[in-house]
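Each remark here refers to the structure printed beneath this line.
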Amino acid sequence: MVAPSVPVATLIYDGECAMCRASALWLMRRAMDGGALEILPCRSAPRRHRFPHLTDGRVLAGADAVPELFARIPHWRWVPALFSLPGMRPIARRVYAWIARNRMRISCAVGH
């Protein structure tokens with residue numbers, strides 16, 4: 001059960017990318033045990049209706065969203081502490097950018 005003081009975070013992901021879908025579902029399954037997370041494909045009607053300009057509320061993208069997502073997943077709440085280590089954010093942004101650029105190749109390589 002989620003504590004009422006924890007607002008629900010919405011992960012908007014590329015529903016046409018197999019790796020993105022698998023990652024979003026992995027996060028959602030783990031958040032079901034007490035996290036405050038929902039997932040929406042970026043091209044879906046509910047996303048367009050609820051977030052037409054993505055300007056309301058706090059918006060995080062890429063590597064900057066990773067600590068916030070893991071903070072909402074039981075047994076993975078230690079991950080955000082890694083992002084507070086000196087120099088970790090720039091490294092995480094580079095790694096995330098590389099993964100994003102190569103996600104289709106990675107997805108095919110791991111069989112998603």
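Simple scheme: letters A, B, ... for chains in structure tokens order, numbers from 1 for residues in each chain, numbers from 1 for ligands in the order shown.
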Please report as a tab-separated table every residue of range 37-100 of chain A lying within 6 Å of range 4-19 of chain A, along with the nearest atom pair and their distance in Å (one decimal), using only C-alpha atoms.
residue	atom	partner	partner_atom	distance
A:Leu37	CA	A:Ala9	CA	4.9
A:Glu38	CA	A:Thr10	CA	4.9
A:Ile39	CA	A:Leu11	CA	4.7
A:Leu40	CA	A:Ile12	CA	4.9
A:Pro41	CA	A:Gly15	CA	4.8
A:Cys42	CA	A:Ile12	CA	5.4
Backbone DSSP call of alpha helix (DSSP H) for chain A, listed as a ChimeraX atom specification | /A:18-31,45-50,66-70,79-83,88-101,103-110
In range 12-51 of chain A, DSSP strand (DSSP E or B) residues written as JSON, numbers by chain | {"A": [12, 13, 37, 38, 39, 40, 41]}
How would the residues just chosen look if you wrote them out with N, CA and C atoms as a tab-separated table (two decimals), in the first residue's frame?
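The resulting file, part-v1.tsv, is reproduced below:
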chain	number	residue	atom	x	y	z
A	12	ILE	N	6.14	8.13	-18.77
A	12	ILE	CA	5.68	8.16	-20.17
A	12	ILE	C	6.83	7.58	-21.00
A	13	TYR	N	6.52	6.50	-21.72
A	13	TYR	CA	7.55	5.75	-22.42
A	13	TYR	C	7.15	5.52	-23.87
A	37	LEU	N	3.48	4.57	-8.86
A	37	LEU	CA	3.90	4.71	-10.24
A	37	LEU	C	2.83	4.21	-11.19
A	38	GLU	N	2.62	4.95	-12.25
A	38	GLU	CA	1.77	4.49	-13.36
A	38	GLU	C	2.58	4.67	-14.63
A	39	ILE	N	2.22	3.91	-15.66
A	39	ILE	CA	2.93	4.00	-16.94
A	39	ILE	C	1.93	4.33	-18.03
A	40	LEU	N	2.36	5.17	-18.98
A	40	LEU	CA	1.53	5.54	-20.13
A	40	LEU	C	2.40	5.58	-21.38
A	41	PRO	N	1.99	4.90	-22.44
A	41	PRO	CA	2.72	5.02	-23.71
A	41	PRO	C	2.62	6.47	-24.22
One-decimal distance in Å that lies between CA of Ser84 in chain A and CA of Ala22 in chain A | 26.5 Å
Separation of CA of Ile73 in chain A and CA of Ala31 in chain A, in Å?
->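 Computed distance, CA of Ile73 in chain A to CA of Ala31 in chain A, equals 4.6 Å.
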Using only C-alpha atoms, find the one residue out of A:Trp26, A:Trp98, A:Ser107, A:Ser44 that sits nearest to Gly62 in chain A.
-> A:Trp98
Between CA of Pro80 in chain A and CA of Leu25 in chain A, distance in Å (one decimal) = 19.6 Å
